[in-house]
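Participant: structure.cif is the file, holding mmCIF, C-alpha atoms:
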```cif
data_data
loop_
_atom_site.label_atom_id
_atom_site.label_comp_id
_atom_site.auth_asym_id
_atom_site.auth_seq_id
_atom_site.Cartn_x
_atom_site.Cartn_y
_atom_site.Cartn_z
CA MET A 12 32.65 42.32 142.05
CA THR A 13 29.13 42.65 141.39
CA ASP A 14 28.06 41.74 137.89
CA ALA A 15 26.02 44.34 136.12
CA SER A 16 22.61 43.16 135.31
CA PRO A 17 22.16 42.70 131.58
CA PRO A 18 20.17 45.45 130.01
CA GLU A 19 16.60 44.63 129.52
CA PRO A 20 15.72 44.23 125.87
CA SER A 21 14.12 47.29 124.50
CA ALA A 22 10.48 46.99 123.78
CA ALA A 23 9.54 46.60 120.11
CA PRO A 24 8.27 49.84 118.59
CA ALA A 25 4.61 50.11 118.75
CA PRO A 26 3.06 49.57 115.35
CA GLY A 27 1.90 52.70 113.60
CA PRO A 28 -1.70 53.36 113.08
CA GLU A 29 -3.31 51.53 110.20
CA PRO A 30 -4.37 53.79 107.45
CA ALA A 31 -7.93 54.65 107.68
CA ALA A 32 -10.05 52.73 105.30
CA GLY A 33 -11.27 55.08 102.62
CA PRO A 34 -14.83 55.14 101.49
CA GLY A 35 -15.82 52.20 99.33
CA PRO A 36 -15.85 52.59 95.51
CA ARG A 37 -18.72 54.68 94.42
CA LYS A 38 -21.00 53.28 91.79
CA PRO A 39 -20.94 55.36 88.60
CA ARG A 40 -24.04 57.26 87.95
CA LYS A 41 -26.19 56.23 85.02
CA ILE A 42 -25.58 59.57 83.31
CA PHE A 43 -21.85 58.88 83.15
CA LEU A 44 -22.49 55.45 81.66
CA LEU A 45 -24.75 57.01 79.05
CA ILE A 46 -22.13 59.62 78.16
CA GLY A 47 -19.51 56.89 77.80
CA VAL A 48 -21.71 54.90 75.43
CA VAL A 49 -22.45 57.96 73.31
CA LEU A 50 -18.76 58.85 73.08
CA ALA A 51 -17.88 55.29 72.06
CA VAL A 52 -20.50 55.32 69.31
CA VAL A 53 -19.32 58.70 68.01
CA LEU A 54 -15.70 57.51 68.02
CA GLY A 55 -16.65 54.34 66.19
CA ILE A 56 -18.51 56.27 63.49
CA PHE A 57 -15.56 58.63 63.09
CA LEU A 58 -13.06 55.78 62.72
CA PHE A 59 -15.31 53.88 60.32
CA THR A 60 -15.83 56.96 58.16
CA GLY A 61 -12.14 57.76 58.23
CA LEU A 62 -11.18 54.26 57.15
CA GLY A 63 -13.75 54.29 54.39
CA THR A 64 -12.40 57.56 53.10
CA SER A 65 -8.78 56.44 53.25
CA GLN A 66 -9.52 53.56 50.92
CA ASN A 67 -10.09 56.02 48.08
CA THR A 68 -6.98 58.16 48.51
CA SER A 69 -4.71 56.08 46.27
CA GLY A 70 -6.00 57.71 43.10
CA ALA A 71 -7.44 54.47 41.75
CA PRO A 72 -10.94 54.75 40.30
CA TYR A 73 -13.79 53.26 42.29
CA GLU A 74 -17.48 52.63 41.81
CA GLY A 75 -19.39 55.72 42.84
CA GLY A 76 -16.39 57.97 42.22
CA PRO A 77 -15.48 60.20 39.27
CA VAL A 78 -14.04 58.75 36.09
CA PRO A 79 -10.39 59.79 35.61
CA ALA A 80 -9.81 62.21 32.76
CA PHE A 81 -7.71 61.04 29.83
CA SER A 82 -7.02 61.73 26.19
CA GLY A 83 -5.36 59.69 23.47
CA ALA A 84 -4.95 59.52 19.72
CA ASN A 85 -7.83 57.69 18.07
CA VAL A 86 -6.76 54.47 16.31
CA GLY A 87 -10.34 53.27 15.91
CA PRO A 88 -12.28 53.28 12.64
CA VAL A 89 -14.60 56.14 13.61
CA GLY A 90 -14.57 59.33 15.67
CA PRO A 91 -12.34 62.40 15.99
CA HIS A 92 -8.54 62.41 15.88
CA ARG A 93 -8.35 62.25 19.67
CA VAL A 94 -10.49 60.39 22.16
CA SER A 95 -11.07 62.28 25.42
CA VAL A 96 -12.98 61.77 28.64
CA THR A 97 -13.18 64.47 31.33
CA VAL A 98 -14.19 64.37 34.98
CA ALA A 99 -16.88 66.94 34.20
CA GLY A 100 -18.86 64.15 32.63
CA THR A 101 -19.54 62.67 29.24
CA SER A 102 -22.10 63.71 26.67
CA ALA A 103 -23.85 60.38 27.21
CA PRO A 104 -23.49 57.23 29.32
CA THR A 105 -20.19 55.64 28.29
CA VAL A 106 -18.54 52.24 28.42
CA LEU A 107 -14.73 52.09 28.44
CA LEU A 108 -13.26 48.82 27.18
CA PHE A 109 -9.56 48.22 27.90
CA PHE A 110 -7.76 45.71 25.68
CA GLY A 111 -4.63 44.97 23.64
CA ASN A 112 -3.49 42.66 20.88
CA TRP A 113 -0.98 41.08 23.28
CA CYS A 114 -3.83 40.05 25.63
CA ALA A 115 -4.99 36.50 24.86
CA SER A 116 -8.22 36.90 26.86
CA CYS A 117 -9.07 40.00 24.85
CA HIS A 118 -9.08 37.95 21.66
CA GLN A 119 -11.83 35.82 23.19
CA GLU A 120 -13.88 38.56 24.81
CA LEU A 121 -13.73 41.55 22.46
CA PRO A 122 -15.15 40.20 19.15
CA PRO A 123 -18.58 39.21 20.54
CA LEU A 124 -18.77 42.47 22.51
CA ALA A 125 -17.90 44.47 19.39
CA ALA A 126 -20.59 42.59 17.46
CA ALA A 127 -23.13 43.37 20.20
CA VAL A 128 -22.23 47.06 20.11
CA GLN A 129 -22.64 47.13 16.34
CA HIS A 130 -26.03 45.45 16.62
CA GLN A 131 -27.15 48.02 19.18
CA ARG A 132 -26.16 50.87 16.87
CA GLN A 133 -28.07 49.36 13.97
CA ALA A 134 -31.15 48.76 16.13
CA LYS A 135 -31.12 52.42 17.21
CA GLY A 136 -32.90 51.55 20.45
CA GLY A 137 -32.23 52.83 23.94
CA LEU A 138 -28.80 51.20 24.08
CA ALA A 139 -27.73 53.20 21.04
CA ARG A 140 -27.57 56.17 23.41
CA VAL A 141 -24.63 54.58 25.24
CA HIS A 142 -21.22 55.49 23.85
CA VAL A 143 -18.50 52.85 23.72
CA VAL A 144 -14.82 53.80 23.78
CA GLY A 145 -11.88 51.45 23.58
CA ILE A 146 -8.41 51.86 25.06
CA ASP A 147 -5.68 49.81 23.35
CA ASP A 148 -2.44 49.63 25.31
CA LEU A 149 1.11 48.31 24.84
CA ASP A 150 0.66 47.72 21.10
CA SER A 151 2.38 49.25 18.12
CA VAL A 152 0.10 51.28 15.89
CA GLY A 153 0.10 48.49 13.31
CA SER A 154 -0.67 45.82 15.90
CA ALA A 155 -3.48 47.92 17.36
CA HIS A 156 -5.03 48.51 13.94
CA SER A 157 -4.78 44.80 13.10
CA PHE A 158 -6.48 43.71 16.32
CA ILE A 159 -9.20 46.35 16.13
CA ARG A 160 -10.00 45.35 12.58
CA SER A 161 -9.99 41.59 13.25
CA ALA A 162 -12.18 42.01 16.36
CA GLY A 163 -14.80 43.95 14.39
CA VAL A 164 -14.50 47.11 16.48
CA THR A 165 -16.68 49.95 15.17
CA PHE A 166 -16.14 52.54 17.91
CA PRO A 167 -13.37 55.04 18.78
CA VAL A 168 -10.25 53.62 20.42
CA ALA A 169 -7.71 55.67 22.39
CA TYR A 170 -4.14 54.62 21.67
CA ASP A 171 -2.17 53.94 24.87
CA PRO A 172 1.23 52.59 23.79
CA ASN A 173 2.93 53.04 27.18
CA ALA A 174 -0.11 52.08 29.30
CA THR A 175 -0.23 55.63 30.63
CA ILE A 176 -4.02 55.61 30.63
CA THR A 177 -4.44 52.00 31.72
CA ALA A 178 -1.78 51.70 34.42
CA ASN A 179 -0.94 55.24 35.52
CA ILE A 180 -4.33 56.94 35.34
CA PHE A 181 -6.74 54.06 35.99
CA LYS A 182 -4.28 51.96 38.05
CA PHE A 183 -5.31 48.78 36.23
CA ASP A 184 -2.86 45.90 36.35
CA GLY A 185 -3.64 44.31 33.01
CA ASN A 186 -6.42 43.63 30.53
CA PRO A 187 -9.28 43.31 29.91
CA TYR A 188 -11.19 45.80 32.02
CA ALA A 189 -14.52 47.51 31.47
CA VAL A 190 -15.72 50.73 33.13
CA PHE A 191 -19.37 51.81 32.97
CA VAL A 192 -19.73 55.58 33.36
CA GLN A 193 -22.89 57.60 33.89
CA SER A 194 -23.38 60.79 31.88
CA ASP A 195 -22.40 62.92 34.90
CA GLY A 196 -18.98 61.25 34.98
CA THR A 197 -19.70 58.91 37.90
CA ILE A 198 -18.40 55.36 37.64
CA GLN A 199 -21.26 52.96 38.13
CA ARG A 200 -19.44 49.67 37.64
CA ILE A 201 -15.92 48.31 37.06
CA VAL A 202 -15.55 44.82 35.58
CA ARG A 203 -12.21 43.05 35.72
CA GLY A 204 -11.24 40.14 33.51
CA ALA A 205 -12.78 38.44 30.53
CA VAL A 206 -16.19 37.92 32.10
CA LEU A 207 -18.36 40.20 29.98
CA THR A 208 -20.77 38.65 27.51
CA PRO A 209 -23.05 40.44 25.05
CA ALA A 210 -25.96 39.88 27.45
CA SER A 211 -24.15 41.19 30.53
CA LEU A 212 -22.76 44.12 28.55
CA SER A 213 -26.27 45.08 27.48
CA ALA A 214 -27.56 44.73 31.06
CA ASP A 215 -24.83 46.97 32.45
CA GLU A 216 -25.35 49.48 29.64
CA ARG A 217 -29.09 49.56 30.30
CA ALA A 218 -28.40 50.33 33.95
CA LEU A 219 -26.63 53.50 32.81
CA ILE A 220 -29.78 54.85 31.19
CA PRO A 221 -31.89 56.70 33.78
CA SER A 222 -35.18 55.64 32.24
CA GLY A 223 -34.03 52.02 32.13
CA THR A 224 -35.11 51.76 28.51
#
```
Is it possible to give me this structure as structure tokens?
Facilitator:
Amino acid sequence: MTDASPPEPSAAPAPGPEPAAGPGPRKPRKIFLLIGVVLAVVLGIFLFTGLGTSQNTSGAPYEGGPVPAFSGANVGPVGPHRVSVTVAGTSAPTVLLFFGNWCASCHQELPPLAAAVQHQRQAKGGLARVHVVGIDDLDSVGSAHSFIRSAGVTFPVAYDPNATITANIFKFDGNPYAVFVQSDGTIQRIVRGAVLTPASLSADERALIPSGT
């Protein structure tokens, strides 16, 4: 018997053709680079402006923005029965002083400020053109009257027993606060805490007067 010759191993499949090498990466033209830079700058400005705007959407007052409108019964020694401020502006540059009998810092800060305001009125100089309005919150009527009298306040004071003006409208988290408002209703400066002195009060008031006098 003749043995059959073993089958010859089949030849390995020939490798397929290598993919043709494509053209090398093309260098971007300068015009495309310039367009990319311009788009990036425009996008950056848009985002920056958007973020800046979003900071003022909470309703809280801010320097350069309009003063919130409010009205309250007058518990001060002078002025009409109600104290009001509107966003349309005030009849003169105005300083809003927020305080309360319960606020220990207010007992330290308010009396010298009230004395300075009274001196300005008596002097009848340029600062006499600036109106001063107080806002007394979280006090009973009797407590508010007692504090206003002991502090020597001689200007109108809006009564804010539930802190509606202080906390809800102005979004302030306590006392004292001071808000300096231009005659067109624009807030020029907000001062937080018992940091005002008669000298700094006068300086901030003078800044409200266009002529600087």
Participant: How far is it from atom CA of Gly204 of chain A to atom CA of Pro187 of chain A, in Å with one decimal?
Facilitator: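 Computing it gives 5.2 Å between the two atoms.
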Participant: What residues come out when you apply the PyMOL selection byres ((chain A and resi 144-154) around 8) to this file, written as an NGL selection string?
Facilitator: :A and (86 or 105-113 or 142-143 or 155-158 or 166-174 or 177)
Participant: Restricted to C-alpha atoms, what would the selected residues look like written as a PDB file, in the coordinates of the input?
Facilitator:
```pdb
ATOM      1  CA  VAL A  86      -6.760  54.470  16.310  1.00  0.00           C
ATOM      2  CA  THR A 105     -20.190  55.640  28.290  1.00  0.00           C
ATOM      3  CA  VAL A 106     -18.540  52.240  28.420  1.00  0.00           C
ATOM      4  CA  LEU A 107     -14.730  52.090  28.440  1.00  0.00           C
ATOM      5  CA  LEU A 108     -13.260  48.820  27.180  1.00  0.00           C
ATOM      6  CA  PHE A 109      -9.560  48.220  27.900  1.00  0.00           C
ATOM      7  CA  PHE A 110      -7.760  45.710  25.680  1.00  0.00           C
ATOM      8  CA  GLY A 111      -4.630  44.970  23.640  1.00  0.00           C
ATOM      9  CA  ASN A 112      -3.490  42.660  20.880  1.00  0.00           C
ATOM     10  CA  TRP A 113      -0.980  41.080  23.280  1.00  0.00           C
ATOM     11  CA  HIS A 142     -21.220  55.490  23.850  1.00  0.00           C
ATOM     12  CA  VAL A 143     -18.500  52.850  23.720  1.00  0.00           C
ATOM     13  CA  ALA A 155      -3.480  47.920  17.360  1.00  0.00           C
ATOM     14  CA  HIS A 156      -5.030  48.510  13.940  1.00  0.00           C
ATOM     15  CA  SER A 157      -4.780  44.800  13.100  1.00  0.00           C
ATOM     16  CA  PHE A 158      -6.480  43.710  16.320  1.00  0.00           C
ATOM     17  CA  PHE A 166     -16.140  52.540  17.910  1.00  0.00           C
ATOM     18  CA  PRO A 167     -13.370  55.040  18.780  1.00  0.00           C
ATOM     19  CA  VAL A 168     -10.250  53.620  20.420  1.00  0.00           C
ATOM     20  CA  ALA A 169      -7.710  55.670  22.390  1.00  0.00           C
ATOM     21  CA  TYR A 170      -4.140  54.620  21.670  1.00  0.00           C
ATOM     22  CA  ASP A 171      -2.170  53.940  24.870  1.00  0.00           C
ATOM     23  CA  PRO A 172       1.230  52.590  23.790  1.00  0.00           C
ATOM     24  CA  ASN A 173       2.930  53.040  27.180  1.00  0.00           C
ATOM     25  CA  ALA A 174      -0.110  52.080  29.300  1.00  0.00           C
ATOM     26  CA  THR A 177      -4.440  52.000  31.720  1.00  0.00           C
TER      27      THR A 177
END
```
Participant: Atom CA of Val78 of chain A to atom CA of Asp195 of chain A: how many Å, to one decimal?
Facilitator: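 Distance between the two atoms: 9.4 Å.
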Participant: Measuring between only C-alpha atoms, which one of A:Asn179, A:Ser161, A:Ala127, A:Ala103 shows the shortest distance to Phe191 of chain A?
Facilitator: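 Of the candidates, the smallest distance to Phe191 of chain A is held by A:Ala103.
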Participant: Record the distance separating atom CA of Pro104 of chain A and atom CA of Val141 of chain A, expressed in Å with one decimal.
Facilitator: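 We find that atom CA of Pro104 of chain A and atom CA of Val141 of chain A lie 5.0 Å from each other.
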Participant: What does the PyMOL selection byres ((chain A and resi 209) around 12) select in this file, as a ChimeraX atom specification?
Facilitator: /A:120-131,205-208,210-216
Participant: Taking the file as shown, what set of residues would the PyMOL selection byres ((chain A and resi 89) around 8) give back, as a list of chain:residue names?
Facilitator: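 Evaluating the PyMOL selection byres ((chain A and resi 89) around 8) on these coordinates yields A:Gly87, A:Pro88, A:Gly90, A:Pro91, A:Thr165, A:Phe166, A:Pro167.
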Participant: Would you please work out which residue, of A:Gly163, A:Gly75, A:Gly83, A:Gly137, is nearest to Gln193 of chain A when using only C-alpha atoms?
Facilitator: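 Among the listed residues, the smallest separation from Gln193 of chain A belongs to A:Gly75.
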Participant: Find the residue from A:Arg217, A:Phe181, A:Asn186, A:Lys135 that sits nearest to Gln199 of chain A; use all atoms listed in the file when measuring.
Facilitator: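 Of A:Arg217, A:Phe181, A:Asn186, A:Lys135, the one nearest Gln199 of chain A, counting all atoms listed in the file, is A:Arg217.
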Participant: Provide segment 175-208 of chain A of the preceding structure as a file containing C-alpha atoms, as a PDB file, in the first residue's frame.
Facilitator:
```pdb
ATOM      1  CA  THR A 175     -40.131  94.248  56.383  1.00  0.00           C
ATOM      2  CA  ILE A 176     -38.119  97.193  55.106  1.00  0.00           C
ATOM      3  CA  THR A 177     -34.784  96.100  56.543  1.00  0.00           C
ATOM      4  CA  ALA A 178     -34.809  92.371  55.802  1.00  0.00           C
ATOM      5  CA  ASN A 179     -37.378  91.832  53.052  1.00  0.00           C
ATOM      6  CA  ILE A 180     -36.921  94.938  50.920  1.00  0.00           C
ATOM      7  CA  PHE A 181     -33.253  95.815  51.505  1.00  0.00           C
ATOM      8  CA  LYS A 182     -32.131  92.228  52.296  1.00  0.00           C
ATOM      9  CA  PHE A 183     -30.025  93.428  55.232  1.00  0.00           C
ATOM     10  CA  ASP A 184     -29.149  90.832  57.847  1.00  0.00           C
ATOM     11  CA  GLY A 185     -29.006  93.070  60.891  1.00  0.00           C
ATOM     12  CA  ASN A 186     -28.101  96.549  62.075  1.00  0.00           C
ATOM     13  CA  PRO A 187     -26.626  99.075  61.727  1.00  0.00           C
ATOM     14  CA  TYR A 188     -26.546  99.853  58.022  1.00  0.00           C
ATOM     15  CA  ALA A 189     -26.276 103.133  56.155  1.00  0.00           C
ATOM     16  CA  VAL A 190     -27.293 103.769  52.537  1.00  0.00           C
ATOM     17  CA  PHE A 191     -26.240 106.936  50.704  1.00  0.00           C
ATOM     18  CA  VAL A 192     -28.651 107.791  47.883  1.00  0.00           C
ATOM     19  CA  GLN A 193     -28.243 110.372  45.139  1.00  0.00           C
ATOM     20  CA  SER A 194     -31.177 112.628  44.293  1.00  0.00           C
ATOM     21  CA  ASP A 195     -31.967 110.538  41.191  1.00  0.00           C
ATOM     22  CA  GLY A 196     -32.516 107.468  43.376  1.00  0.00           C
ATOM     23  CA  THR A 197     -29.166 105.800  42.636  1.00  0.00           C
ATOM     24  CA  ILE A 198     -27.358 104.186  45.555  1.00  0.00           C
ATOM     25  CA  GLN A 199     -23.873 105.607  45.787  1.00  0.00           C
ATOM     26  CA  ARG A 200     -22.628 103.771  48.864  1.00  0.00           C
ATOM     27  CA  ILE A 201     -23.735 101.088  51.344  1.00  0.00           C
ATOM     28  CA  VAL A 202     -22.001 100.927  54.726  1.00  0.00           C
ATOM     29  CA  ARG A 203     -22.402  97.866  56.910  1.00  0.00           C
ATOM     30  CA  GLY A 204     -21.729  97.797  60.633  1.00  0.00           C
ATOM     31  CA  ALA A 205     -20.941 100.387  63.238  1.00  0.00           C
ATOM     32  CA  VAL A 206     -18.085 101.999  61.338  1.00  0.00           C
ATOM     33  CA  LEU A 207     -19.524 105.435  60.579  1.00  0.00           C
ATOM     34  CA  THR A 208     -18.177 108.431  62.438  1.00  0.00           C
TER      35      THR A 208
END
```
